[in-house]
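Novice: Let me give you the structure first, and then I'll get to my questions.
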Amino acid sequence: MAALTPQNEPKVAEYAGDEVSALVLDPGYSSVRAGFAGEDTPKSIIPSYYGDTGDPANPRIFGDHVIDRPRENMAIKNPLNKDGLVEDWDAAEALWQHSFAAKLTGLRPNKALQEWLNNPENVPNLQQAMREAEDMEKPLEDHPLFMTESGWNTAKAREKCAEIAIESWGAPAFYIGRQGVMAAFASGKATALIVDVGASNTSVTPVHDGIILKKSIQRSHLAGNFISSQIRNMLASNQTQPITITPHYLIKSKTPVDAGQPANAILRDFPADFTPPQPSFRRYQEERTLLEFKELVVQVWPGPTPFLSSTNGVTQEEIARGYPGKTFEFPDGYNQLFTSDRYKVAESLFDHRAYIAPPPSLQNPDTPFASSPPTAEQTLTHMIRSSLSHVDVDIRPLMLANVVVTGGSSLIPGFTERLNNELQRMFPSTRVRLQAAGNSPERKFGSWIGGSIMASLGTFHQMWISRKEFEEHGSAIVEKRCK
């Protein structure tokens, strides 16, 4: 079969369906976003974490509020590793299917039941026929699937996604696009330098004419989860007293206390025969509190003078102590005013020397939230410089004039201002222009929005991998078509 090109109309055997019903799936380490092409925001957003119940009848449970309830011996897991690549394909398939089947496509009418209602004589054993029909049911028979992936995803993983979409879910067509390209399209640019600050990774991705320059991609783990670990280290090293996070599910009631005073809370009692959840459940609940702290308290030092430097013998950290602080109340009622520390926890993104080392109580390397000291090469400014050094000299000014900031962790106040100051300092003779959507959903879901735009274009139907093509050429067609 001849390869499809933008100049060729699809043949009868190839996919030429209605793109309006296409489903866009944007999986990430923190959450999975799903929705229909052409819409402004994803209608389904669920955590990438799931509950492992250990029950063979119902081994996994999904959803924001469902996994927040303590269940006996339940563990919290994530099918993706810290690089944002799938490790557990069975869990990933079940998670992704839940993201659209539970909120978007819904349950399809059982074909055996419909046939029985039309003519009962054709279905002598209704219950058995309904079970068999459910086993053969494909959730995406009516919807082509557009999926996004990280710029460093493997060829084998891309082919596996196509197999799941077409063979397991029955999608009539499939396409997988790079998240960096989608973020550029969401900003209306074909050429851009994408700075994506997510949960597990911060990446710098040059996109030129809609194509990722793979050799120039830079990434590090200095992202949202790293900032959370810095907050944890800061709280455990608190000068007045170490602050321990007691999650909401352990609190029965609390009484308001003055700032800095010990918490006055009554803990919840569980039945004597109740097997408590695994430690991963408590860590997940603690991370939710750290996320709230990050959203309400943390701020990036605006610069242009680095946070650890001094001017006329006065350090910037001492200046920060004179700035208005922010108070945060923990689930048990303890509250405290945070001043310079709220700037320092995010400073490592730009200056590795600002790393807050964990106290002895958190120095176990086997601890899931342990973080090693960052290096200068992992900082955002160094990654941008390194990425641009691998780009052709002629297009570097074009990249710097189209820097697109995306990712949920980039929403920390002061981040874009600091990044702009750093870039102006690094490239004083080049015009630097930052584009960061002020609307929080557009910043959080940039790659999904780009996929939604692309999958809804009338000219895109020539790029779909149809089921017939997949069956004819196999999964190798993914690497040839989805570049």
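Order determines the names: the first chain of the structure tokens is A, the second B, and so forth; residues in each chain are numbered 1 upward, and ligands are numbered 1 upward as they are shown.
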Name the residues in contact with segment 323-338 of chain A at a cut-off of 9 Å, using only C-alpha atoms, excluding same-chain residues fewer than 3 positions from it; report them as an NGL selection string.
Specialist: :A and (243 or 245-248 or 250-251 or 253-267 or 289 or 293 or 296-298 or 319-320 or 341-342)
Novice: Keeping N, CA and C atoms for every residue in the selection just given, could you write it to a file as a PDB file, in the first residue's frame?
Specialist:
ATOM      1  N   ILE A 243       8.236  19.714  61.234  1.00  0.00           N
ATOM      2  CA  ILE A 243       6.814  19.625  60.908  1.00  0.00           C
ATOM      3  C   ILE A 243       6.544  18.283  60.245  1.00  0.00           C
ATOM      4  N   ILE A 245       3.752  15.814  58.526  1.00  0.00           N
ATOM      5  CA  ILE A 245       2.466  15.916  57.823  1.00  0.00           C
ATOM      6  C   ILE A 245       1.562  14.763  58.249  1.00  0.00           C
ATOM      7  N   THR A 246       0.436  15.115  58.809  1.00  0.00           N
ATOM      8  CA  THR A 246      -0.589  14.121  59.153  1.00  0.00           C
ATOM      9  C   THR A 246      -1.702  14.253  58.122  1.00  0.00           C
ATOM     10  N   PRO A 247      -1.901  13.249  57.276  1.00  0.00           N
ATOM     11  CA  PRO A 247      -2.885  13.380  56.192  1.00  0.00           C
ATOM     12  C   PRO A 247      -4.316  13.553  56.698  1.00  0.00           C
ATOM     13  N   HIS A 248      -5.176  14.050  55.812  1.00  0.00           N
ATOM     14  CA  HIS A 248      -6.568  14.325  56.168  1.00  0.00           C
ATOM     15  C   HIS A 248      -7.300  13.081  56.668  1.00  0.00           C
ATOM     16  N   LEU A 250      -6.476  10.720  58.478  1.00  0.00           N
ATOM     17  CA  LEU A 250      -6.181  10.324  59.853  1.00  0.00           C
ATOM     18  C   LEU A 250      -6.774  11.285  60.881  1.00  0.00           C
ATOM     19  N   ILE A 251      -7.315  12.410  60.425  1.00  0.00           N
ATOM     20  CA  ILE A 251      -7.825  13.435  61.340  1.00  0.00           C
ATOM     21  C   ILE A 251      -9.328  13.260  61.545  1.00  0.00           C
ATOM     22  N   SER A 253     -11.014  15.244  64.129  1.00  0.00           N
ATOM     23  CA  SER A 253     -11.422  16.629  64.371  1.00  0.00           C
ATOM     24  C   SER A 253     -10.197  17.435  64.790  1.00  0.00           C
ATOM     25  N   LYS A 254     -10.305  18.763  64.683  1.00  0.00           N
ATOM     26  CA  LYS A 254      -9.189  19.623  65.081  1.00  0.00           C
ATOM     27  C   LYS A 254      -9.720  20.928  65.639  1.00  0.00           C
ATOM     28  N   THR A 255      -8.898  21.555  66.485  1.00  0.00           N
ATOM     29  CA  THR A 255      -9.247  22.834  67.097  1.00  0.00           C
ATOM     30  C   THR A 255      -8.253  23.882  66.606  1.00  0.00           C
ATOM     31  N   PRO A 256      -8.728  25.057  66.214  1.00  0.00           N
ATOM     32  CA  PRO A 256      -7.793  26.094  65.728  1.00  0.00           C
ATOM     33  C   PRO A 256      -6.759  26.453  66.785  1.00  0.00           C
ATOM     34  N   VAL A 257      -5.508  26.675  66.340  1.00  0.00           N
ATOM     35  CA  VAL A 257      -4.425  27.080  67.236  1.00  0.00           C
ATOM     36  C   VAL A 257      -3.722  28.282  66.612  1.00  0.00           C
ATOM     37  N   ASP A 258      -2.970  29.024  67.468  1.00  0.00           N
ATOM     38  CA  ASP A 258      -2.211  30.164  66.974  1.00  0.00           C
ATOM     39  C   ASP A 258      -1.032  29.683  66.140  1.00  0.00           C
ATOM     40  N   ALA A 259      -0.511  30.576  65.310  1.00  0.00           N
ATOM     41  CA  ALA A 259       0.607  30.228  64.436  1.00  0.00           C
ATOM     42  C   ALA A 259       1.806  29.783  65.256  1.00  0.00           C
ATOM     43  N   GLY A 260       2.395  28.672  64.865  1.00  0.00           N
ATOM     44  CA  GLY A 260       3.579  28.146  65.534  1.00  0.00           C
ATOM     45  C   GLY A 260       3.295  27.298  66.749  1.00  0.00           C
ATOM     46  N   GLN A 261       2.041  27.242  67.202  1.00  0.00           N
ATOM     47  CA  GLN A 261       1.687  26.438  68.370  1.00  0.00           C
ATOM     48  C   GLN A 261       1.405  24.989  67.951  1.00  0.00           C
ATOM     49  N   PRO A 262       1.656  24.043  68.866  1.00  0.00           N
ATOM     50  CA  PRO A 262       1.411  22.623  68.530  1.00  0.00           C
ATOM     51  C   PRO A 262      -0.039  22.390  68.103  1.00  0.00           C
ATOM     52  N   ALA A 263      -0.224  21.435  67.223  1.00  0.00           N
ATOM     53  CA  ALA A 263      -1.564  21.120  66.719  1.00  0.00           C
ATOM     54  C   ALA A 263      -2.412  20.511  67.822  1.00  0.00           C
ATOM     55  N   ASN A 264      -3.710  20.788  67.736  1.00  0.00           N
ATOM     56  CA  ASN A 264      -4.675  20.225  68.702  1.00  0.00           C
ATOM     57  C   ASN A 264      -5.716  19.457  67.894  1.00  0.00           C
ATOM     58  N   ALA A 265      -5.370  18.216  67.577  1.00  0.00           N
ATOM     59  CA  ALA A 265      -6.239  17.407  66.727  1.00  0.00           C
ATOM     60  C   ALA A 265      -6.483  16.045  67.359  1.00  0.00           C
ATOM     61  N   ILE A 266      -7.638  15.491  67.070  1.00  0.00           N
ATOM     62  CA  ILE A 266      -7.985  14.136  67.514  1.00  0.00           C
ATOM     63  C   ILE A 266      -7.899  13.217  66.300  1.00  0.00           C
ATOM     64  N   LEU A 267      -7.103  12.159  66.454  1.00  0.00           N
ATOM     65  CA  LEU A 267      -6.914  11.243  65.338  1.00  0.00           C
ATOM     66  C   LEU A 267      -8.084  10.275  65.230  1.00  0.00           C
ATOM     67  N   THR A 289      -1.027  17.023  50.245  1.00  0.00           N
ATOM     68  CA  THR A 289      -0.832  18.195  51.096  1.00  0.00           C
ATOM     69  C   THR A 289       0.336  19.036  50.599  1.00  0.00           C
ATOM     70  N   PHE A 293       0.435  22.929  49.405  1.00  0.00           N
ATOM     71  CA  PHE A 293       1.425  23.886  49.892  1.00  0.00           C
ATOM     72  C   PHE A 293       2.131  24.566  48.719  1.00  0.00           C
ATOM     73  N   LEU A 296      -0.167  27.180  47.066  1.00  0.00           N
ATOM     74  CA  LEU A 296      -0.585  28.335  47.867  1.00  0.00           C
ATOM     75  C   LEU A 296       0.568  29.147  48.441  1.00  0.00           C
ATOM     76  N   VAL A 297       1.721  28.522  48.657  1.00  0.00           N
ATOM     77  CA  VAL A 297       2.793  29.194  49.404  1.00  0.00           C
ATOM     78  C   VAL A 297       4.041  29.434  48.557  1.00  0.00           C
ATOM     79  N   VAL A 298       4.462  28.430  47.813  1.00  0.00           N
ATOM     80  CA  VAL A 298       5.759  28.498  47.117  1.00  0.00           C
ATOM     81  C   VAL A 298       5.752  29.585  46.050  1.00  0.00           C
ATOM     82  N   ILE A 319      16.954  39.576  52.335  1.00  0.00           N
ATOM     83  CA  ILE A 319      15.972  40.510  51.779  1.00  0.00           C
ATOM     84  C   ILE A 319      14.602  39.831  51.689  1.00  0.00           C
ATOM     85  N   ALA A 320      14.607  38.549  51.316  1.00  0.00           N
ATOM     86  CA  ALA A 320      13.348  37.809  51.173  1.00  0.00           C
ATOM     87  C   ALA A 320      12.615  37.686  52.500  1.00  0.00           C
ATOM     88  N   ASP A 341      11.864  30.755  53.132  1.00  0.00           N
ATOM     89  CA  ASP A 341      11.876  29.336  52.765  1.00  0.00           C
ATOM     90  C   ASP A 341      10.973  29.045  51.571  1.00  0.00           C
ATOM     91  N   ARG A 342       9.917  29.831  51.424  1.00  0.00           N
ATOM     92  CA  ARG A 342       8.987  29.568  50.327  1.00  0.00           C
ATOM     93  C   ARG A 342       9.600  29.901  48.965  1.00  0.00           C
TER      94      ARG A 342
END
Novice: I'd like to know which residues of segment 37-207 of chain A are alpha helix (DSSP H) (by DSSP, run on the backbone); could you write them as a PyMOL selection string?
Specialist: chain A and resi 89-101+111-118+126-136+155-163+179-186
Novice: Find the residues near Leu400 of chain A: any atom within 7 Å, counting only C-alpha atoms, skip ones fewer than 2 places away on the same chain, and give them as number ranges by chain.
Specialist: A: 193, 396-398, 402-403, 431-433
Novice: Could you build a table of the residues in segment 426-474 of chain A lying no more than 12 Å from segment 157-162 of chain A, giving for each the nearest pair of atoms and their separation in Å rounded to one decimal place, using only C-alpha atoms, ordered by chain and ascending residue number, as JSON lines?
Specialist:
{"residue": "A:Trp464", "atom": "CA", "partner": "A:Ala162", "partner_atom": "CA", "distance": 11.4}
{"residue": "A:Ile465", "atom": "CA", "partner": "A:Ala162", "partner_atom": "CA", "distance": 9.1}
{"residue": "A:Ser466", "atom": "CA", "partner": "A:Ala162", "partner_atom": "CA", "distance": 10.5}
{"residue": "A:Arg467", "atom": "CA", "partner": "A:Ala162", "partner_atom": "CA", "distance": 9.8}
{"residue": "A:Glu469", "atom": "CA", "partner": "A:Ala162", "partner_atom": "CA", "distance": 11.7}
{"residue": "A:Phe470", "atom": "CA", "partner": "A:Ala162", "partner_atom": "CA", "distance": 8.5}
{"residue": "A:Glu471", "atom": "CA", "partner": "A:Ala162", "partner_atom": "CA", "distance": 11.1}
{"residue": "A:His473", "atom": "CA", "partner": "A:Glu159", "partner_atom": "CA", "distance": 12.0}
{"residue": "A:Gly474", "atom": "CA", "partner": "A:Glu159", "partner_atom": "CA", "distance": 9.0}
Novice: Choose the residue, out of A:Leu145, A:Leu457, A:Ala223, A:Leu423, that has the smallest atom-to-atom separation from Gln378 of chain A; count only C-alpha atoms.
Specialist: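 When distances to Gln378 of chain A are compared using only C-alpha atoms, the smallest one comes from A:Ala223.
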